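Presented below is the structure to which this report refers.
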Amino acid sequence: MVAAPQDAPGVFVTGTSTEVGKTVVAAVLARTLAEEGKRVAVFKPAVTGLEEEGETDHALLRRASGSGQSDEEIAPYRYQPPASPHLAAALAGEEIDPERLRQAARTAAAQADAIVCEGVGGLLVPLSPTYLVRDLAADLGYPLVIVVSPGLGTINHTLLTLESARAAGLEVAAVVINPWPEEPSEIEHDNRKTIAELGQARVEAIPHLDLTDPSSWPPLRI
Ligand SMILES: Nc1ncnc2c1ncn2[C@@H]1O[C@H](COP(=O)(O)OP(=O)(O)O)[C@@H](O)[C@H]1O
Ligand SMILES: [Mg+2]
């Protein structure tokens with residue numbers, strides 16, 4: 001599959017796992033671009049866990065970016081159970097169609113100056129039985145931003161993700177440690193240094209944020 005032509009520059013935010021802060025980091029990236037005066041589109045191939053409480057990923061991404069996109073335009077597939085997308089789709093009697101995802105992302109990018117995409121879970125999460133998040137990232141062709149945790153275990157998870165990205169020929173723009181503690185321990189300082197050295201990657205960090213007030217967020221330029 002040849003990478004889609006890029007209508008607007010963009011990034012693809014992935015992470016070492018679910019709940020590491022992909023949506024938060026994607027929101028900060030989108031907010032930063034919007035503050036620079038850019039029209040920002042956001043995109044997420046599938047949202048699962050709608051039955052759970054709290055703001056949905058597509059709602060936070062829309063709020064942070066100032067985009068006027070509909071839920072459908074941001075996230076073409078949305079499911080209630082907090083399951084992997086391939087399973088959530090199967091439980092709904094569907095299968096996620098890679099071509100529909102590529103088209104939706106292209107359409108979103110065509111109407112914006114920049115696009116921020118958020119993956120689902122980590123790189124090897126199946127969107128369908130034969131199409132992984134990593135395949136979509138490769139098809140869209142945007143550089144990756146990999147969100148990782150600050151603490152014990154993160155070196156292994158981060159290096160595995162970097163290896164998986166590079167094995168598929170994906171460009172890694174940065175690793176973002178989230179949330180970077182106010183008073184980092186020796187372990188956290190060393191994780192940051194070791195990930196940069198062994199992972200040969202640019203490493204950034206995001207502190208704990210007040211998500212209700214995007215104007216208080218520090219900018220993140222990738
Ligand atoms: N930097 C941060 N500041 C405040 N809350 C955060 C931060 N990063 C993550 N969270 C919270 O942690 C949870 C998981 O973050 P989220 O961005 O939804 O992860 P993911 O998209 O990787 O599943 C959410 O409740 C989110 O609000
Ligand atoms: Mg998310």
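Letters for chains follow the order of the structure tokens (A, B, ...), residue numbers begin at 1 for each chain, and ligand numbers begin at 1 in the order shown.
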Can I get the residues of chain A within 8 Å of ligand 2, each with the closest pair of atoms and their distance in Å to one decimal, using only C-alpha atoms and all ligand atoms, sorted chain first then ascending number, as CSV?
```
residue,atom,partner,partner_atom_place_in_ligand_line,distance
A:Thr18,CA,ligand 2,1 (Mg),7.1
A:Glu19,CA,ligand 2,1 (Mg),6.7
A:Gly21,CA,ligand 2,1 (Mg),6.6
A:Lys22,CA,ligand 2,1 (Mg),5.1
A:Thr23,CA,ligand 2,1 (Mg),4.1
A:Val24,CA,ligand 2,1 (Mg),7.4
A:Val47,CA,ligand 2,1 (Mg),7.9
A:Asp57,CA,ligand 2,1 (Mg),5.4
A:Glu118,CA,ligand 2,1 (Mg),7.1
A:Gly119,CA,ligand 2,1 (Mg),7.6
A:Val120,CA,ligand 2,1 (Mg),6.7
A:Gly121,CA,ligand 2,1 (Mg),7.5
```
Next item on the list: Produce as a ChimeraX atom specification the set of residues near ligand 1, where near means within 10 Å with only C-alpha atoms and all ligand atoms considered.
Entry: /A:13-28,47,54-57,60-61,118-122,146-149,177-181,205-212,217
Requested write-out: C-alpha atoms of the selected residues, as a compact mmCIF listing (two decimals), in the first residue's frame:
```txt
# COMPACT_ATOMS: atom_id res chain seq x y z
CA VAL A 13 0.07 9.85 18.12
CA THR A 14 0.56 6.34 19.42
CA GLY A 15 1.70 4.99 22.76
CA THR A 16 3.12 2.03 24.60
CA SER A 17 -0.38 1.01 25.69
CA THR A 18 -3.85 2.25 26.44
CA GLU A 19 -4.32 4.93 29.15
CA VAL A 20 -0.79 6.35 28.78
CA GLY A 21 -2.07 9.76 27.70
CA LYS A 22 -2.35 9.58 23.90
CA THR A 23 -5.50 11.69 23.85
CA VAL A 24 -4.03 14.26 26.21
CA VAL A 25 -0.81 14.58 24.19
CA ALA A 26 -2.75 14.70 20.90
CA ALA A 27 -4.92 17.43 22.43
CA VAL A 28 -1.87 19.45 23.48
CA VAL A 47 -13.23 4.96 19.69
CA GLY A 54 -16.06 10.93 31.11
CA GLU A 55 -15.30 12.99 28.04
CA THR A 56 -14.78 10.92 24.90
CA ASP A 57 -11.51 11.06 23.00
CA LEU A 60 -11.50 16.30 23.94
CA LEU A 61 -9.68 16.36 20.60
CA GLU A 118 -4.57 9.47 17.59
CA GLY A 119 -4.19 5.70 17.32
CA VAL A 120 -5.93 3.15 19.50
CA GLY A 121 -4.01 1.35 22.25
CA GLY A 122 -0.52 0.63 20.92
CA ILE A 146 4.97 7.87 20.96
CA VAL A 147 3.44 8.57 24.39
CA VAL A 148 5.04 6.67 27.26
CA SER A 149 4.81 6.50 31.04
CA ILE A 177 6.82 11.11 28.59
CA ASN A 178 3.46 11.71 30.27
CA PRO A 179 2.83 12.88 32.91
CA TRP A 180 6.28 14.13 33.84
CA PRO A 181 6.24 14.39 37.67
CA ALA A 205 7.68 15.55 28.46
CA ILE A 206 4.24 16.83 29.45
CA PRO A 207 3.36 17.66 33.08
CA HIS A 208 0.06 16.89 34.78
CA LEU A 209 -2.47 19.28 33.24
CA ASP A 210 -5.77 20.86 34.14
CA LEU A 211 -7.74 19.34 31.27
CA THR A 212 -10.67 21.70 31.80
CA TRP A 217 -1.45 23.97 28.82
```
Margin query: Can you pull out every residue from segment 38-178 of chain A that DSSP, working from the backbone, puts in strand (DSSP E), and format the result as a PyMOL selection string?
Written below: chain A and resi 40-43+46-47+77-78+114-118+126-128+131-132+144-148+172-178
Next item on the list: Could you jot down the atom CA of Phe12 of chain A to atom CA of Gly49 of chain A separation for me, Å, one decimal place?
Entry: 20.9 Å
Margin query: Using only C-alpha atoms, can you tell me which of A:Ala46, A:Leu198, A:Ala41, A:Val175 comes closest to Ser84 of chain A?
Written below: A:Ala46
Notebook entry, point to check: If you count only C-alpha atoms, which residues fall within 8 Å of Tyr142 of chain A, apart from same-chain ones fewer than 3 positions away, as a list in words?
Noted result: Pro9, Gly10, Val11, Phe12, Ala137, Ala138 and Glu171 of chain A
Note to self: So that I can see what lies close to Arg62 of chain A, please list as a list of chain:residue names the residues with an atom at most 10 Å from it, counting only C-alpha atoms and leaving out residues fewer than 3 positions away in the same chain.
What the structure shows: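 Here the answer would be A:Ala27, A:Ala30, A:Arg31, A:Val40, A:Ala41, A:Val42, A:Phe43, A:Thr56, A:Asp57, A:His58, A:Ala59, A:Ser65, A:Gly66, A:Ser67, A:Gly68, A:Gln69, A:Ser70, A:Asp71, A:Ile74.
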Resulting file, chosen residues, C-alpha atoms, as a PDB file, in the first residue's frame:
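And here's out19.pdb as it stands now:
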```pdb
ATOM      1  CA  ALA A  27      -4.920  17.428  22.426  1.00  0.00           C
ATOM      2  CA  ALA A  30      -3.650  20.181  18.401  1.00  0.00           C
ATOM      3  CA  ARG A  31      -4.064  23.101  20.782  1.00  0.00           C
ATOM      4  CA  VAL A  40      -6.438  21.836  12.800  1.00  0.00           C
ATOM      5  CA  ALA A  41      -8.243  18.603  11.985  1.00  0.00           C
ATOM      6  CA  VAL A  42      -8.223  15.695  14.404  1.00  0.00           C
ATOM      7  CA  PHE A  43      -8.715  12.029  13.581  1.00  0.00           C
ATOM      8  CA  THR A  56     -14.783  10.917  24.902  1.00  0.00           C
ATOM      9  CA  ASP A  57     -11.510  11.062  22.997  1.00  0.00           C
ATOM     10  CA  HIS A  58     -13.186  12.719  20.007  1.00  0.00           C
ATOM     11  CA  ALA A  59     -14.801  15.367  22.230  1.00  0.00           C
ATOM     12  CA  SER A  65      -8.237  21.794  18.355  1.00  0.00           C
ATOM     13  CA  GLY A  66     -11.211  24.144  17.924  1.00  0.00           C
ATOM     14  CA  SER A  67     -12.239  21.948  14.995  1.00  0.00           C
ATOM     15  CA  GLY A  68     -15.826  21.968  13.781  1.00  0.00           C
ATOM     16  CA  GLN A  69     -15.704  18.294  12.754  1.00  0.00           C
ATOM     17  CA  SER A  70     -18.569  15.985  13.678  1.00  0.00           C
ATOM     18  CA  ASP A  71     -18.059  12.845  15.810  1.00  0.00           C
ATOM     19  CA  ILE A  74     -13.249  12.627  13.731  1.00  0.00           C
TER      20      ILE A  74
END
```
Next item on the list: Quick one: pick out all helix (DSSP H, G or I) residues within segment 105-199 of chain A from a backbone DSSP run and write them as an MDAnalysis selection string.
Entry: chainID A and resid 105:110 133:140 154:167 186:199
Checklist line | Best match for closeness to Glu94 of chain A among A:Gln200, A:Thr107, A:Ser128, A:Gln80, counting only C-alpha atoms | finding: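 Using only C-alpha atoms, Glu94 of chain A sits closest to A:Ser128.
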Next item on the list: Record the distance separating atom CA of Gln111 of chain A and atom CA of Tyr77 of chain A, expressed in Å with one decimal.
Entry: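 Taking atom CA of Gln111 of chain A as the start and atom CA of Tyr77 of chain A as the end point, the length is 20.1 Å.
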Notebook entry, point to check: Pick from A:Arg63, A:Arg202, A:Arg39, A:Arg102: nearest to Asp135 of chain A, with only C-alpha atoms counted?
Noted result: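 Among the listed residues, A:Arg102 lies closest to Asp135 of chain A.
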Check: Do you know which residues are at most 9 Å from segment 185-188 of chain A counting only C-alpha atoms, after dropping those on the same chain fewer than 4 positions away, and could you put them as an NGL selection string?
Finding: :A and (150-152 or 180-181 or 192-193)
Next item on the list: With a distance cut-off of 8 Å and only C-alpha atoms, select the neighbouring residues of segment 164-170 of chain A, excluding the residue or stretch itself and same-chain residues fewer than 5 positions from it, and output the selection as a list of chain:residue names.
Entry: A:Leu123, A:Arg134, A:Ala137, A:Ala138, A:Gly141, A:Pro143, A:Leu144
Deliver the residues from the most recent selection as a file, using N, CA, C and O atoms, as an mmCIF file, in the first residue's frame.
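Written file, out.cif:
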```
data_model
loop_
_atom_site.group_PDB
_atom_site.id
_atom_site.type_symbol
_atom_site.label_atom_id
_atom_site.label_comp_id
_atom_site.auth_asym_id
_atom_site.auth_seq_id
_atom_site.Cartn_x
_atom_site.Cartn_y
_atom_site.Cartn_z
ATOM 1 N N LEU A 123 0.778 0.180 18.927
ATOM 2 C CA LEU A 123 0.976 0.001 17.481
ATOM 3 C C LEU A 123 0.438 -1.322 16.948
ATOM 4 O O LEU A 123 0.010 -1.409 15.802
ATOM 5 N N ARG A 134 -0.593 -0.079 13.353
ATOM 6 C CA ARG A 134 0.672 0.217 12.662
ATOM 7 C C ARG A 134 0.490 0.269 11.147
ATOM 8 O O ARG A 134 1.151 1.069 10.463
ATOM 9 N N ALA A 137 -0.981 3.654 10.419
ATOM 10 C CA ALA A 137 0.051 4.690 10.551
ATOM 11 C C ALA A 137 0.929 4.707 9.300
ATOM 12 O O ALA A 137 1.269 5.771 8.776
ATOM 13 N N ALA A 138 1.276 3.528 8.802
ATOM 14 C CA ALA A 138 2.109 3.445 7.591
ATOM 15 C C ALA A 138 1.343 3.987 6.381
ATOM 16 O O ALA A 138 1.886 4.730 5.566
ATOM 17 N N GLY A 141 1.125 7.795 6.617
ATOM 18 C CA GLY A 141 2.438 8.361 6.314
ATOM 19 C C GLY A 141 2.884 9.499 7.213
ATOM 20 O O GLY A 141 3.892 10.147 6.929
ATOM 21 N N PRO A 143 4.564 11.195 10.605
ATOM 22 C CA PRO A 143 5.533 10.771 11.625
ATOM 23 C C PRO A 143 4.841 10.461 12.947
ATOM 24 O O PRO A 143 3.805 11.047 13.282
ATOM 25 N N LEU A 144 5.440 9.552 13.699
ATOM 26 C CA LEU A 144 4.840 9.116 14.969
ATOM 27 C C LEU A 144 5.285 9.980 16.129
ATOM 28 O O LEU A 144 6.446 10.407 16.193
#
```
Item checked: Selection near Gly199 of chain A, 7 Å with only C-alpha atoms, sequence-local residues under 3 positions removed, as an NGL selection string -> :A and (159 or 162 or 195-196)
Would you write out those residues with N, CA and C atoms, as a CSV table (one decimal), in the first residue's frame?
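again-v5.csv, freshly written:
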```
chain,number,residue,atom,x,y,z
A,159,LEU,N,11.2,1.0,24.2
A,159,LEU,CA,12.1,0.4,23.2
A,159,LEU,C,11.4,-0.6,22.3
A,162,LEU,N,9.5,1.5,19.8
A,162,LEU,CA,10.4,2.1,18.8
A,162,LEU,C,10.8,1.0,17.8
A,195,ILE,N,16.0,6.3,27.5
A,195,ILE,CA,15.2,6.2,26.3
A,195,ILE,C,15.8,7.0,25.2
A,196,ALA,N,16.3,8.2,25.5
A,196,ALA,CA,16.9,9.0,24.4
A,196,ALA,C,18.1,8.3,23.8
```
Next item on the list: Go through A:Val116, A:Asp213, A:Pro129, A:Ala75 one by one, measure the shortest atom-to-atom distance of each to Val145 of chain A using only C-alpha atoms, and give the residue with the smallest value.
Entry: A:Val116
Next item on the list: Find the distance between atom CA of Ala104 of chain A and atom CA of Glu73 of chain A and write it in Å to one decimal.
Entry: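 Separating atom CA of Ala104 of chain A from atom CA of Glu73 of chain A is a distance of 6.7 Å.
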